[in-house]
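**Q** Contents of model30.pdb (PDB, C-alpha atoms):
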ATOM      1  CA  MET A   1     135.007 151.903  48.321  1.00  0.00           C
ATOM      2  CA  SER A   2     133.196 148.742  47.299  1.00  0.00           C
ATOM      3  CA  THR A   3     133.181 146.459  44.294  1.00  0.00           C
ATOM      4  CA  ASP A   4     129.921 148.051  43.114  1.00  0.00           C
ATOM      5  CA  SER A   5     129.897 150.207  39.974  1.00  0.00           C
ATOM      6  CA  ARG A   6     129.710 154.008  40.076  1.00  0.00           C
ATOM      7  CA  PHE A   7     126.172 153.660  38.732  1.00  0.00           C
ATOM      8  CA  SER A   8     125.139 151.564  41.720  1.00  0.00           C
ATOM      9  CA  HIS A   9     126.768 154.157  44.017  1.00  0.00           C
ATOM     10  CA  LYS A  10     124.695 156.904  42.358  1.00  0.00           C
ATOM     11  CA  ILE A  11     121.392 155.123  42.915  1.00  0.00           C
ATOM     12  CA  TRP A  12     122.317 154.097  46.480  1.00  0.00           C
ATOM     13  CA  GLN A  13     123.199 157.690  47.365  1.00  0.00           C
ATOM     14  CA  GLU A  14     120.106 159.146  45.726  1.00  0.00           C
ATOM     15  CA  GLU A  15     117.557 156.528  46.782  1.00  0.00           C
ATOM     16  CA  GLU A  16     118.690 155.474  50.253  1.00  0.00           C
ATOM     17  CA  LEU A  17     121.612 157.395  51.768  1.00  0.00           C
ATOM     18  CA  THR A  18     119.850 160.734  51.327  1.00  0.00           C
ATOM     19  CA  LYS A  19     117.108 159.331  53.574  1.00  0.00           C
ATOM     20  CA  MET A  20     119.698 158.730  56.330  1.00  0.00           C
ATOM     21  CA  VAL A  21     121.935 161.792  55.849  1.00  0.00           C
ATOM     22  CA  PRO A  22     120.473 165.068  54.531  1.00  0.00           C
ATOM     23  CA  GLY A  23     121.999 165.656  51.095  1.00  0.00           C
ATOM     24  CA  GLY A  24     123.655 162.240  51.124  1.00  0.00           C
ATOM     25  CA  VAL A  25     127.071 161.242  52.425  1.00  0.00           C
ATOM     26  CA  PRO A  26     129.581 164.075  51.867  1.00  0.00           C
ATOM     27  CA  PHE A  27     132.455 161.943  50.581  1.00  0.00           C
ATOM     28  CA  PRO A  28     133.236 160.211  47.261  1.00  0.00           C
ATOM     29  CA  LEU A  29     131.872 156.703  46.704  1.00  0.00           C
ATOM     30  CA  LEU A  30     134.656 154.761  45.019  1.00  0.00           C
ATOM     31  CA  SER A  31     134.264 151.772  42.723  1.00  0.00           C
ATOM     32  CA  ASP A  32     136.750 148.914  43.053  1.00  0.00           C
ATOM     33  CA  GLN A  33     135.554 146.763  40.191  1.00  0.00           C
ATOM     34  CA  GLY A  34     137.188 143.372  40.229  1.00  0.00           C
ATOM     35  CA  GLY A  35     138.481 143.987  43.750  1.00  0.00           C
ATOM     36  CA  ARG A  36     141.886 144.954  42.390  1.00  0.00           C
ATOM     37  CA  VAL A  37     142.471 147.718  44.944  1.00  0.00           C
ATOM     38  CA  GLY A  38     141.010 145.629  47.771  1.00  0.00           C
ATOM     39  CA  THR A  39     143.441 142.876  46.861  1.00  0.00           C
ATOM     40  CA  VAL A  40     146.424 145.158  47.373  1.00  0.00           C
ATOM     41  CA  TYR A  41     144.952 146.405  50.675  1.00  0.00           C
ATOM     42  CA  GLY A  42     144.298 142.860  51.904  1.00  0.00           C
ATOM     43  CA  VAL A  43     140.503 143.205  52.149  1.00  0.00           C
ATOM     44  CA  TYR A  44     139.247 141.493  48.982  1.00  0.00           C
ATOM     45  CA  GLU A  45     137.267 138.328  49.716  1.00  0.00           C
ATOM     46  CA  GLU A  46     137.538 136.348  46.521  1.00  0.00           C
ATOM     47  CA  ALA A  47     134.905 133.729  47.348  1.00  0.00           C
ATOM     48  CA  ALA A  48     132.192 136.367  47.691  1.00  0.00           C
ATOM     49  CA  GLY A  49     133.728 138.847  45.258  1.00  0.00           C
ATOM     50  CA  VAL A  50     133.501 141.735  47.727  1.00  0.00           C
ATOM     51  CA  ASP A  51     135.761 144.011  49.741  1.00  0.00           C
ATOM     52  CA  ILE A  52     135.276 143.331  53.453  1.00  0.00           C
ATOM     53  CA  ARG A  53     135.079 146.072  56.075  1.00  0.00           C
ATOM     54  CA  GLY A  54     138.555 147.623  56.055  1.00  0.00           C
ATOM     55  CA  ARG A  55     139.441 151.096  57.301  1.00  0.00           C
ATOM     56  CA  PHE A  56     142.754 152.855  56.737  1.00  0.00           C
ATOM     57  CA  ILE A  57     143.971 156.208  58.111  1.00  0.00           C
ATOM     58  CA  ILE A  58     146.491 157.750  55.691  1.00  0.00           C
ATOM     59  CA  ASP A  59     148.583 160.755  56.727  1.00  0.00           C
ATOM     60  CA  PRO A  60     149.389 163.826  54.572  1.00  0.00           C
ATOM     61  CA  GLU A  61     152.638 162.169  53.397  1.00  0.00           C
ATOM     62  CA  GLY A  62     150.644 159.204  52.070  1.00  0.00           C
ATOM     63  CA  VAL A  63     151.736 156.805  54.832  1.00  0.00           C
ATOM     64  CA  ILE A  64     149.241 154.372  56.394  1.00  0.00           C
ATOM     65  CA  ARG A  65     149.001 155.137  60.134  1.00  0.00           C
ATOM     66  CA  ALA A  66     146.203 152.773  61.146  1.00  0.00           C
ATOM     67  CA  MET A  67     144.219 149.896  59.736  1.00  0.00           C
ATOM     68  CA  GLU A  68     141.217 147.939  60.973  1.00  0.00           C
ATOM     69  CA  VAL A  69     139.567 145.043  59.145  1.00  0.00           C
ATOM     70  CA  LEU A  70     136.297 143.419  60.243  1.00  0.00           C
ATOM     71  CA  THR A  71     134.285 140.586  58.759  1.00  0.00           C
ATOM     72  CA  PRO A  72     131.110 142.038  57.285  1.00  0.00           C
ATOM     73  CA  GLU A  73     128.698 141.222  60.132  1.00  0.00           C
ATOM     74  CA  VAL A  74     129.995 143.883  62.537  1.00  0.00           C
ATOM     75  CA  GLY A  75     129.852 147.585  61.755  1.00  0.00           C
ATOM     76  CA  ARG A  76     132.493 150.176  62.510  1.00  0.00           C
ATOM     77  CA  ASN A  77     132.866 152.494  65.500  1.00  0.00           C
ATOM     78  CA  VAL A  78     133.117 155.930  63.925  1.00  0.00           C
ATOM     79  CA  THR A  79     133.868 157.584  67.281  1.00  0.00           C
ATOM     80  CA  GLU A  80     136.962 155.398  67.667  1.00  0.00           C
ATOM     81  CA  MET A  81     138.043 156.183  64.116  1.00  0.00           C
ATOM     82  CA  ILE A  82     137.827 159.912  64.830  1.00  0.00           C
ATOM     83  CA  ARG A  83     139.705 159.444  68.131  1.00  0.00           C
ATOM     84  CA  GLN A  84     142.549 157.693  66.315  1.00  0.00           C
ATOM     85  CA  LEU A  85     142.610 160.376  63.620  1.00  0.00           C
ATOM     86  CA  LYS A  86     142.860 163.141  66.270  1.00  0.00           C
ATOM     87  CA  ALA A  87     145.561 161.189  68.110  1.00  0.00           C
ATOM     88  CA  PHE A  88     147.711 160.832  64.978  1.00  0.00           C
ATOM     89  CA  GLN A  89     147.201 164.496  64.127  1.00  0.00           C
ATOM     90  CA  HIS A  90     148.260 165.434  67.667  1.00  0.00           C
ATOM     91  CA  VAL A  91     151.327 163.200  67.505  1.00  0.00           C
ATOM     92  CA  VAL A  92     152.434 164.655  64.172  1.00  0.00           C
ATOM     93  CA  ALA A  93     151.891 168.234  65.371  1.00  0.00           C
ATOM     94  CA  THR A  94     153.585 167.924  68.786  1.00  0.00           C
ATOM     95  CA  GLY A  95     155.997 164.976  68.826  1.00  0.00           C
ATOM     96  CA  GLU A  96     154.255 163.760  71.989  1.00  0.00           C
ATOM     97  CA  VAL A  97     152.769 160.272  72.202  1.00  0.00           C
ATOM     98  CA  THR A  98     149.273 159.318  73.306  1.00  0.00           C
ATOM     99  CA  PRO A  99     148.899 156.548  75.896  1.00  0.00           C
ATOM    100  CA  SER A 100     146.144 153.939  75.907  1.00  0.00           C
ATOM    101  CA  GLY A 101     142.683 155.461  76.185  1.00  0.00           C
ATOM    102  CA  TRP A 102     143.831 158.950  75.218  1.00  0.00           C
ATOM    103  CA  GLN A 103     141.173 161.440  74.235  1.00  0.00           C
ATOM    104  CA  PRO A 104     141.710 165.039  73.122  1.00  0.00           C
ATOM    105  CA  GLY A 105     142.458 167.095  76.250  1.00  0.00           C
ATOM    106  CA  LYS A 106     143.787 164.123  78.225  1.00  0.00           C
ATOM    107  CA  PRO A 107     147.466 163.956  79.262  1.00  0.00           C
ATOM    108  CA  THR A 108     150.043 162.823  76.737  1.00  0.00           C
ATOM    109  CA  LEU A 109     153.522 161.400  77.308  1.00  0.00           C
ATOM    110  CA  THR A 110     156.818 162.813  76.091  1.00  0.00           C
ATOM    111  CA  PRO A 111     159.173 159.929  75.300  1.00  0.00           C
ATOM    112  CA  GLY A 112     162.710 160.111  76.633  1.00  0.00           C
ATOM    113  CA  PRO A 113     165.180 158.572  79.068  1.00  0.00           C
ATOM    114  CA  ASP A 114     163.597 160.339  82.056  1.00  0.00           C
ATOM    115  CA  LEU A 115     160.266 158.585  81.440  1.00  0.00           C
ATOM    116  CA  ALA A 116     161.698 155.056  81.440  1.00  0.00           C
ATOM    117  CA  GLY A 117     160.332 153.178  84.444  1.00  0.00           C
ATOM    118  CA  LYS A 118     158.272 156.212  85.487  1.00  0.00           C
ATOM    119  CA  VAL A 119     155.186 155.771  83.325  1.00  0.00           C
ATOM    120  CA  TRP A 120     153.317 154.478  86.407  1.00  0.00           C
ATOM    121  CA  LYS A 121     153.540 157.976  87.864  1.00  0.00           C
ATOM    122  CA  GLU A 122     152.041 159.568  84.763  1.00  0.00           C
ATOM    123  CA  TRP A 123     149.406 157.057  83.686  1.00  0.00           C
ATOM    124  CA  LYS A 124     146.867 155.008  85.658  1.00  0.00           C
ATOM    125  CA  VAL A 125     144.890 151.973  84.497  1.00  0.00           C
ATOM    126  CA  GLU A 126     141.643 153.949  84.739  1.00  0.00           C
ATOM    127  CA  ASN A 127     142.960 156.114  81.897  1.00  0.00           C
ATOM    128  CA  ALA A 128     142.596 153.163  79.535  1.00  0.00           C
ATOM    129  CA  PHE A 129     138.824 153.422  79.791  1.00  0.00           C
ATOM    130  CA  GLU A 130     136.461 156.224  78.845  1.00  0.00           C
TER     131      GLU A 130
ATOM    132  CA  MET B   1     139.521 168.816  40.634  1.00  0.00           C
ATOM    133  CA  PRO B   2     138.813 167.327  37.198  1.00  0.00           C
ATOM    134  CA  ALA B   3     135.747 168.847  35.611  1.00  0.00           C
ATOM    135  CA  ALA B   4     134.569 165.701  33.844  1.00  0.00           C
ATOM    136  CA  LYS B   5     131.170 164.709  35.215  1.00  0.00           C
ATOM    137  CA  ASP B   6     129.672 162.846  32.297  1.00  0.00           C
ATOM    138  CA  GLY B   7     129.054 159.130  32.118  1.00  0.00           C
ATOM    139  CA  CYS B   8     131.906 158.512  29.698  1.00  0.00           C
ATOM    140  CA  VAL B   9     134.863 158.667  32.061  1.00  0.00           C
ATOM    141  CA  LYS B  10     137.940 156.923  30.815  1.00  0.00           C
ATOM    142  CA  PRO B  11     138.728 153.580  32.430  1.00  0.00           C
ATOM    143  CA  ALA B  12     140.439 153.896  35.797  1.00  0.00           C
ATOM    144  CA  GLN B  13     143.852 152.348  36.265  1.00  0.00           C
ATOM    145  CA  GLY B  14     143.086 150.523  39.515  1.00  0.00           C
ATOM    146  CA  PRO B  15     146.198 149.839  41.600  1.00  0.00           C
ATOM    147  CA  ILE B  16     149.210 151.885  40.482  1.00  0.00           C
ATOM    148  CA  GLY B  17     152.768 150.606  40.739  1.00  0.00           C
ATOM    149  CA  ALA B  18     151.813 147.356  42.398  1.00  0.00           C
ATOM    150  CA  PRO B  19     154.333 144.846  41.068  1.00  0.00           C
ATOM    151  CA  GLY B  20     152.807 142.010  43.054  1.00  0.00           C
ATOM    152  CA  VAL B  21     149.413 142.171  41.403  1.00  0.00           C
ATOM    153  CA  GLU B  22     150.220 140.675  38.026  1.00  0.00           C
ATOM    154  CA  ALA B  23     152.295 137.909  39.548  1.00  0.00           C
ATOM    155  CA  ALA B  24     149.575 137.144  42.076  1.00  0.00           C
ATOM    156  CA  GLU B  25     146.899 136.808  39.435  1.00  0.00           C
ATOM    157  CA  SER B  26     148.614 133.723  38.128  1.00  0.00           C
ATOM    158  CA  ALA B  27     149.503 132.466  41.587  1.00  0.00           C
ATOM    159  CA  GLY B  28     147.945 129.325  42.935  1.00  0.00           C
ATOM    160  CA  THR B  29     149.048 128.870  46.505  1.00  0.00           C
ATOM    161  CA  THR B  30     147.879 130.728  49.587  1.00  0.00           C
ATOM    162  CA  GLU B  31     151.392 131.934  50.311  1.00  0.00           C
ATOM    163  CA  GLU B  32     151.638 133.554  46.898  1.00  0.00           C
ATOM    164  CA  VAL B  33     148.233 135.175  47.255  1.00  0.00           C
ATOM    165  CA  VAL B  34     149.088 136.638  50.646  1.00  0.00           C
ATOM    166  CA  SER B  35     152.288 138.137  49.288  1.00  0.00           C
ATOM    167  CA  LYS B  36     150.417 140.532  47.011  1.00  0.00           C
ATOM    168  CA  VAL B  37     149.054 142.500  49.978  1.00  0.00           C
ATOM    169  CA  MET B  38     151.011 145.742  50.100  1.00  0.00           C
ATOM    170  CA  ALA B  39     149.182 147.748  52.758  1.00  0.00           C
ATOM    171  CA  ARG B  40     151.091 147.944  56.063  1.00  0.00           C
ATOM    172  CA  VAL B  41     151.070 150.538  58.804  1.00  0.00           C
ATOM    173  CA  GLY B  42     154.113 152.771  58.675  1.00  0.00           C
ATOM    174  CA  TYR B  43     154.545 152.252  54.930  1.00  0.00           C
ATOM    175  CA  PRO B  44     153.232 154.256  51.961  1.00  0.00           C
ATOM    176  CA  ALA B  45     149.624 153.538  51.057  1.00  0.00           C
ATOM    177  CA  PRO B  46     149.469 151.756  47.680  1.00  0.00           C
ATOM    178  CA  ASP B  47     148.307 154.302  45.127  1.00  0.00           C
ATOM    179  CA  PHE B  48     145.246 153.716  42.954  1.00  0.00           C
ATOM    180  CA  GLU B  49     142.904 155.406  40.533  1.00  0.00           C
ATOM    181  CA  VAL B  50     139.254 154.328  40.500  1.00  0.00           C
ATOM    182  CA  SER B  51     135.989 155.573  39.052  1.00  0.00           C
ATOM    183  CA  ALA B  52     133.685 157.232  41.569  1.00  0.00           C
ATOM    184  CA  PHE B  53     130.427 159.012  42.228  1.00  0.00           C
ATOM    185  CA  VAL B  54     131.365 162.453  43.594  1.00  0.00           C
ATOM    186  CA  ASP B  55     129.200 165.526  44.196  1.00  0.00           C
ATOM    187  CA  GLY B  56     126.416 164.257  41.948  1.00  0.00           C
ATOM    188  CA  GLY B  57     128.628 163.239  39.018  1.00  0.00           C
ATOM    189  CA  PHE B  58     131.071 160.632  37.812  1.00  0.00           C
ATOM    190  CA  GLN B  59     134.823 161.167  37.879  1.00  0.00           C
ATOM    191  CA  ASN B  60     137.996 159.246  38.520  1.00  0.00           C
ATOM    192  CA  VAL B  61     139.631 159.576  41.941  1.00  0.00           C
ATOM    193  CA  LYS B  62     143.345 159.039  42.527  1.00  0.00           C
ATOM    194  CA  LEU B  63     144.655 158.549  46.057  1.00  0.00           C
ATOM    195  CA  SER B  64     147.914 160.420  45.456  1.00  0.00           C
ATOM    196  CA  ASP B  65     145.968 163.534  44.419  1.00  0.00           C
ATOM    197  CA  HIS B  66     145.055 163.861  48.112  1.00  0.00           C
ATOM    198  CA  LYS B  67     148.614 164.150  49.434  1.00  0.00           C
ATOM    199  CA  GLY B  68     148.812 166.956  51.969  1.00  0.00           C
ATOM    200  CA  LYS B  69     145.514 165.925  53.555  1.00  0.00           C
ATOM    201  CA  TRP B  70     144.542 163.223  56.017  1.00  0.00           C
ATOM    202  CA  VAL B  71     142.560 160.507  54.238  1.00  0.00           C
ATOM    203  CA  VAL B  72     140.249 157.874  55.720  1.00  0.00           C
ATOM    204  CA  LEU B  73     139.796 155.029  53.230  1.00  0.00           C
ATOM    205  CA  CYS B  74     136.896 152.686  54.009  1.00  0.00           C
ATOM    206  CA  PHE B  75     136.036 149.461  52.229  1.00  0.00           C
ATOM    207  CA  TYR B  76     132.568 147.916  52.625  1.00  0.00           C
ATOM    208  CA  PRO B  77     130.943 144.789  51.205  1.00  0.00           C
ATOM    209  CA  GLY B  78     128.255 146.384  49.086  1.00  0.00           C
ATOM    210  CA  ASP B  79     125.725 149.106  48.345  1.00  0.00           C
ATOM    211  CA  PHE B  80     122.230 148.456  49.735  1.00  0.00           C
ATOM    212  CA  THR B  81     123.480 145.977  52.335  1.00  0.00           C
ATOM    213  CA  PHE B  82     122.608 146.150  55.979  1.00  0.00           C
ATOM    214  CA  VAL B  83     125.393 147.068  58.391  1.00  0.00           C
TER     215      VAL B  83
END
Could you rewrite the structure in this file as C-alpha coordinates?
**A**
Amino acid sequence: MSTDSRFSHKIWQEEELTKMVPGGVPFPLLSDQGGRVGTVYGVYEEAAGVDIRGRFIIDPEGVIRAMEVLTPEVGRNVTEMIRQLKAFQHVVATGEVTPSGWQPGKPTLTPGPDLAGKVWKEWKVENAFE
Amino acid sequence: MPAAKDGCVKPAQGPIGAPGVEAAESAGTTEEVVSKVMARVGYPAPDFEVSAFVDGGFQNVKLSDHKGKWVVLCFYPGDFTFV
(Lines of atoms letter the chains of each structure in order from A and count residues from 1; the text may use other names and numbers.)
(Lines give C-alpha, C1' and ligand atoms only; values in the text may rest on other atoms or scores of the structure.)
Protein backbone atom coordinates (compact mmCIF):
# COMPACT_ATOMS: atom_id res chain seq x y z
CA MET A 1 0.00 0.00 0.00
CA SER A 2 1.25 3.46 -0.89
CA THR A 3 -0.29 6.86 -1.41
CA ASP A 4 -0.03 6.39 -5.19
CA SER A 5 -3.20 5.97 -7.27
CA ARG A 6 -4.33 2.61 -8.66
CA PHE A 7 -3.38 3.95 -12.09
CA SER A 8 0.20 4.51 -10.98
CA HIS A 9 0.24 0.98 -9.51
CA LYS A 10 -0.90 -0.42 -12.88
CA ILE A 11 1.89 1.27 -14.83
CA TRP A 12 4.52 0.40 -12.19
CA GLN A 13 3.51 -3.27 -12.28
CA GLU A 14 3.37 -3.42 -16.07
CA GLU A 15 6.43 -1.33 -16.88
CA GLU A 16 8.89 -2.15 -14.11
CA LEU A 17 7.87 -4.88 -11.65
CA THR A 18 7.31 -7.40 -14.44
CA LYS A 19 10.99 -6.90 -15.33
CA MET A 20 11.96 -7.95 -11.78
CA VAL A 21 9.36 -10.67 -11.13
CA PRO A 22 7.98 -12.76 -14.02
CA GLY A 23 4.31 -11.86 -14.39
CA GLY A 24 4.63 -9.06 -11.83
CA VAL A 25 4.17 -9.19 -8.07
CA PRO A 26 1.44 -11.70 -7.15
CA PHE A 27 -0.34 -9.57 -4.56
CA PRO A 28 -2.74 -6.59 -4.73
CA LEU A 29 -1.25 -3.10 -4.94
CA LEU A 30 -3.36 -0.93 -2.65
CA SER A 31 -3.91 2.81 -2.95
CA ASP A 32 -3.99 4.88 0.24
CA GLN A 33 -4.84 8.23 -1.26
CA GLY A 34 -4.51 11.00 1.27
CA GLY A 35 -2.67 8.67 3.64
CA ARG A 36 -5.86 8.07 5.61
CA VAL A 37 -5.13 4.38 6.25
CA GLY A 38 -1.44 5.07 6.92
CA THR A 39 -2.49 7.62 9.51
CA VAL A 40 -4.45 5.04 11.47
CA TYR A 41 -1.54 2.58 11.21
CA GLY A 42 0.98 5.19 12.37
CA VAL A 43 3.05 5.21 9.17
CA TYR A 44 1.85 8.33 7.34
CA GLU A 45 4.55 11.00 7.05
CA GLU A 46 2.60 14.19 6.59
CA ALA A 47 5.54 16.41 5.61
CA ALA A 48 6.33 14.25 2.58
CA GLY A 49 2.78 13.03 2.01
CA VAL A 50 3.82 9.37 1.90
CA ASP A 51 3.41 6.17 3.89
CA ILE A 52 6.79 5.09 5.28
CA ARG A 53 7.98 1.49 5.30
CA GLY A 54 5.60 -0.26 7.70
CA ARG A 55 4.91 -3.99 7.81
CA PHE A 56 2.12 -5.65 9.76
CA ILE A 57 1.39 -9.37 10.24
CA ILE A 58 -2.35 -9.89 10.82
CA ASP A 59 -3.68 -13.25 12.01
CA PRO A 60 -6.83 -15.03 10.74
CA GLU A 61 -8.89 -13.41 13.53
CA GLY A 62 -7.85 -9.96 12.29
CA VAL A 63 -5.46 -9.27 15.18
CA ILE A 64 -2.10 -7.57 14.57
CA ARG A 65 0.67 -9.96 15.69
CA ALA A 66 3.75 -8.03 14.56
CA MET A 67 4.69 -4.62 13.26
CA GLU A 68 7.91 -3.14 11.92
CA VAL A 69 8.35 0.44 10.73
CA LEU A 70 11.49 1.74 8.99
CA THR A 71 12.37 5.14 7.62
CA PRO A 72 12.41 4.92 3.83
CA GLU A 73 16.17 4.59 3.28
CA VAL A 74 16.44 0.99 4.50
CA GLY A 75 14.64 -1.88 2.81
CA ARG A 76 12.94 -4.81 4.48
CA ASN A 77 14.27 -8.28 5.28
CA VAL A 78 11.74 -10.59 3.67
CA THR A 79 13.38 -13.69 5.17
CA GLU A 80 12.79 -12.31 8.67
CA MET A 81 9.19 -11.47 7.81
CA ILE A 82 8.58 -15.05 6.68
CA ARG A 83 10.31 -16.39 9.81
CA GLN A 84 8.00 -14.34 12.02
CA LEU A 85 4.96 -15.44 10.03
CA LYS A 86 5.93 -19.13 10.44
CA ALA A 87 6.61 -18.59 14.14
CA PHE A 88 3.16 -17.06 14.75
CA GLN A 89 1.51 -19.82 12.73
CA HIS A 90 3.38 -22.42 14.80
CA VAL A 91 2.40 -20.74 18.06
CA VAL A 92 -1.27 -20.59 17.09
CA ALA A 93 -1.28 -24.22 15.94
CA THR A 94 0.58 -25.74 18.92
CA GLY A 95 0.35 -23.45 21.95
CA GLU A 96 4.14 -23.66 22.24
CA VAL A 97 6.29 -20.52 22.25
CA THR A 98 9.32 -19.80 20.10
CA PRO A 99 12.48 -18.53 21.81
CA SER A 100 14.84 -15.93 20.37
CA GLY A 101 16.36 -17.00 17.07
CA TRP A 102 13.81 -19.74 16.45
CA GLN A 103 13.60 -21.16 12.96
CA PRO A 104 11.21 -23.86 11.73
CA GLY A 105 12.54 -27.21 13.00
CA LYS A 106 14.39 -25.67 15.95
CA PRO A 107 13.31 -26.43 19.54
CA THR A 108 10.38 -24.56 21.02
CA LEU A 109 9.47 -23.98 24.67
CA THR A 110 6.30 -25.03 26.45
CA PRO A 111 5.43 -22.41 29.06
CA GLY A 112 4.54 -23.60 32.54
CA PRO A 113 5.65 -23.67 36.17
CA ASP A 114 8.20 -26.43 35.51
CA LEU A 115 10.09 -24.22 33.04
CA ALA A 116 10.54 -21.29 35.43
CA GLY A 117 14.24 -20.88 36.18
CA LYS A 118 15.10 -23.79 33.87
CA VAL A 119 15.20 -22.04 30.51
CA TRP A 120 19.02 -22.13 30.68
CA LYS A 121 18.84 -25.90 30.30
CA GLU A 122 16.67 -25.68 27.20
CA TRP A 123 18.09 -22.67 25.37
CA LYS A 124 21.67 -21.50 24.75
CA VAL A 125 22.85 -18.07 23.62
CA GLU A 126 24.08 -19.54 20.33
CA ASN A 127 20.43 -20.26 19.50
CA ALA A 128 19.80 -16.53 19.19
CA PHE A 129 21.90 -16.44 16.03
CA GLU A 130 21.46 -18.19 12.71
CA MET B 1 -14.16 -11.77 -5.14
CA PRO B 2 -15.94 -8.78 -6.69
CA ALA B 3 -16.08 -9.02 -10.45
CA ALA B 4 -15.75 -5.30 -11.14
CA LYS B 5 -12.55 -4.68 -13.08
CA ASP B 6 -13.38 -1.51 -14.95
CA GLY B 7 -11.92 1.90 -14.30
CA CYS B 8 -15.09 3.24 -12.72
CA VAL B 9 -14.87 1.66 -9.28
CA LYS B 10 -16.87 3.42 -6.64
CA PRO B 11 -14.88 5.51 -4.17
CA ALA B 12 -13.28 3.46 -1.41
CA GLN B 13 -14.19 4.21 2.18
CA GLY B 14 -10.63 4.38 3.53
CA PRO B 15 -10.42 3.65 7.26
CA ILE B 16 -13.58 2.03 8.63
CA GLY B 17 -14.83 2.62 12.16
CA ALA B 18 -11.92 4.81 13.16
CA PRO B 19 -13.42 7.34 15.55
CA GLY B 20 -10.10 9.08 16.06
CA VAL B 21 -9.64 10.10 12.46
CA GLU B 22 -12.18 12.89 12.21
CA ALA B 23 -11.14 14.37 15.53
CA ALA B 24 -7.48 14.17 14.57
CA GLU B 25 -8.00 16.01 11.31
CA SER B 26 -8.86 19.13 13.23
CA ALA B 27 -6.22 18.51 15.87
CA GLY B 28 -3.27 20.82 16.18
CA THR B 29 -0.92 19.43 18.78
CA THR B 30 1.45 16.50 18.48
CA GLU B 31 -0.26 14.70 21.33
CA GLU B 32 -3.59 14.84 19.55
CA VAL B 33 -2.07 13.64 16.29
CA VAL B 34 -0.39 10.68 17.96
CA SER B 35 -3.65 9.63 19.57
CA LYS B 36 -5.26 8.81 16.23
CA VAL B 37 -2.91 5.85 15.68
CA MET B 38 -4.96 2.73 16.29
CA ALA B 39 -2.62 -0.06 15.20
CA ARG B 40 -1.12 -1.99 18.14
CA VAL B 41 0.13 -5.54 18.41
CA GLY B 42 -2.35 -7.79 20.17
CA TYR B 43 -5.31 -5.64 19.12
CA PRO B 44 -7.61 -5.87 16.08
CA ALA B 45 -6.16 -4.40 12.91
CA PRO B 46 -8.09 -1.24 11.94
CA ASP B 47 -10.33 -2.15 9.03
CA PHE B 48 -10.20 -0.27 5.73
CA GLU B 49 -11.42 -0.35 2.17
CA VAL B 50 -9.15 1.03 -0.56
CA SER B 51 -8.98 0.99 -4.33
CA ALA B 52 -6.37 -1.37 -5.76
CA PHE B 53 -4.75 -2.87 -8.82
CA VAL B 54 -5.37 -6.63 -8.61
CA ASP B 55 -4.81 -9.36 -11.21
CA GLY B 56 -4.65 -6.87 -14.08
CA GLY B 57 -7.75 -4.87 -13.12
CA PHE B 58 -9.08 -2.30 -10.70
CA GLN B 59 -11.19 -3.24 -7.69
CA ASN B 60 -11.71 -2.22 -4.11
CA VAL B 61 -10.03 -4.29 -1.39
CA LYS B 62 -11.35 -4.52 2.16
CA LEU B 63 -9.14 -5.89 4.92
CA SER B 64 -11.97 -7.63 6.78
CA ASP B 65 -12.81 -9.65 3.66
CA HIS B 66 -9.57 -11.55 4.35
CA LYS B 67 -10.53 -12.83 7.80
CA GLY B 68 -9.63 -16.50 8.10
CA LYS B 69 -6.30 -15.95 6.35
CA TRP B 70 -2.95 -14.62 7.48
CA VAL B 71 -2.35 -11.18 5.97
CA VAL B 72 0.93 -9.29 5.54
CA LEU B 73 0.21 -5.58 5.06
CA CYS B 74 3.15 -3.56 3.74
CA PHE B 75 3.33 0.20 3.34
CA TYR B 76 6.00 1.77 1.11
CA PRO B 77 6.83 5.36 0.19
CA GLY B 78 6.06 5.26 -3.50
CA ASP B 79 5.88 3.51 -6.86
CA PHE B 80 9.03 3.84 -8.99
CA THR B 81 11.24 4.66 -6.01
CA PHE B 82 14.47 2.91 -5.25
CA VAL B 83 14.56 0.66 -2.20
**Q** Might you spell out which residues the PyMOL selection byres ((chain A) within 8 of (chain B)) would select in the displayed file, as a PyMOL selection string?
**A** chain A and resi 1-4+6-10+12+16+26-32+36-43+50-67+72-75
**Q** Report the residues retrieved by the PyMOL selection byres ((chain A and resi 91) around 12) from the displayed file, expressed as a list in words.
**A**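 Applying the expression gives Asp59, Arg65, Gln84, Leu85, Lys86, Ala87, Phe88, Gln89, His90, Val92, Ala93, Thr94, Gly95, Glu96, Val97, Thr98, Pro99, Trp102, Pro104, Thr108, Leu109, Thr110 and Pro111 of chain A.
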**Q** Taking C-alpha atoms for each residue, export the selection above as a PDB file, keeping the file's coordinate frame.
**A**
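Final file, again-v4.pdb:
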ATOM      1  CA  ASP A  59     148.583 160.755  56.727  1.00  0.00           C
ATOM      2  CA  ARG A  65     149.001 155.137  60.134  1.00  0.00           C
ATOM      3  CA  GLN A  84     142.549 157.693  66.315  1.00  0.00           C
ATOM      4  CA  LEU A  85     142.610 160.376  63.620  1.00  0.00           C
ATOM      5  CA  LYS A  86     142.860 163.141  66.270  1.00  0.00           C
ATOM      6  CA  ALA A  87     145.561 161.189  68.110  1.00  0.00           C
ATOM      7  CA  PHE A  88     147.711 160.832  64.978  1.00  0.00           C
ATOM      8  CA  GLN A  89     147.201 164.496  64.127  1.00  0.00           C
ATOM      9  CA  HIS A  90     148.260 165.434  67.667  1.00  0.00           C
ATOM     10  CA  VAL A  92     152.434 164.655  64.172  1.00  0.00           C
ATOM     11  CA  ALA A  93     151.891 168.234  65.371  1.00  0.00           C
ATOM     12  CA  THR A  94     153.585 167.924  68.786  1.00  0.00           C
ATOM     13  CA  GLY A  95     155.997 164.976  68.826  1.00  0.00           C
ATOM     14  CA  GLU A  96     154.255 163.760  71.989  1.00  0.00           C
ATOM     15  CA  VAL A  97     152.769 160.272  72.202  1.00  0.00           C
ATOM     16  CA  THR A  98     149.273 159.318  73.306  1.00  0.00           C
ATOM     17  CA  PRO A  99     148.899 156.548  75.896  1.00  0.00           C
ATOM     18  CA  TRP A 102     143.831 158.950  75.218  1.00  0.00           C
ATOM     19  CA  PRO A 104     141.710 165.039  73.122  1.00  0.00           C
ATOM     20  CA  THR A 108     150.043 162.823  76.737  1.00  0.00           C
ATOM     21  CA  LEU A 109     153.522 161.400  77.308  1.00  0.00           C
ATOM     22  CA  THR A 110     156.818 162.813  76.091  1.00  0.00           C
ATOM     23  CA  PRO A 111     159.173 159.929  75.300  1.00  0.00           C
TER      24      PRO A 111
END
**Q** Between atom CA of Gln33 of chain A and atom CA of Ser5 of chain A, what is the spacing in Å?
**A**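 Taking atom CA of Ser5 of chain A and atom CA of Gln33 of chain A, their separation equals 6.6 Å.
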**Q** Kindly compute an axis-aligned box around the listed atoms of segment 51-63 of chain A, allowing 4 Å on each side, and express its centre and edge lengths in Å to one decimal as JSON.
**A**
{"center_x": 143.9, "center_y": 153.6, "center_z": 53.9, "size_x": 25.6, "size_y": 28.5, "size_z": 16.4}
**Q** Report the residues retrieved by the PyMOL selection byres ((chain A and resi 125-127) around 8) from the displayed file, expressed as a ChimeraX atom specification.
**A** /A:100-102,123-124,128-130
**Q** Report, in Å to a single decimal, how far apart atom CA of Val69 of chain A and atom CA of Ala47 of chain A are.
**A**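 Atom CA of Ala47 of chain A sits 17.0 Å away from atom CA of Val69 of chain A.
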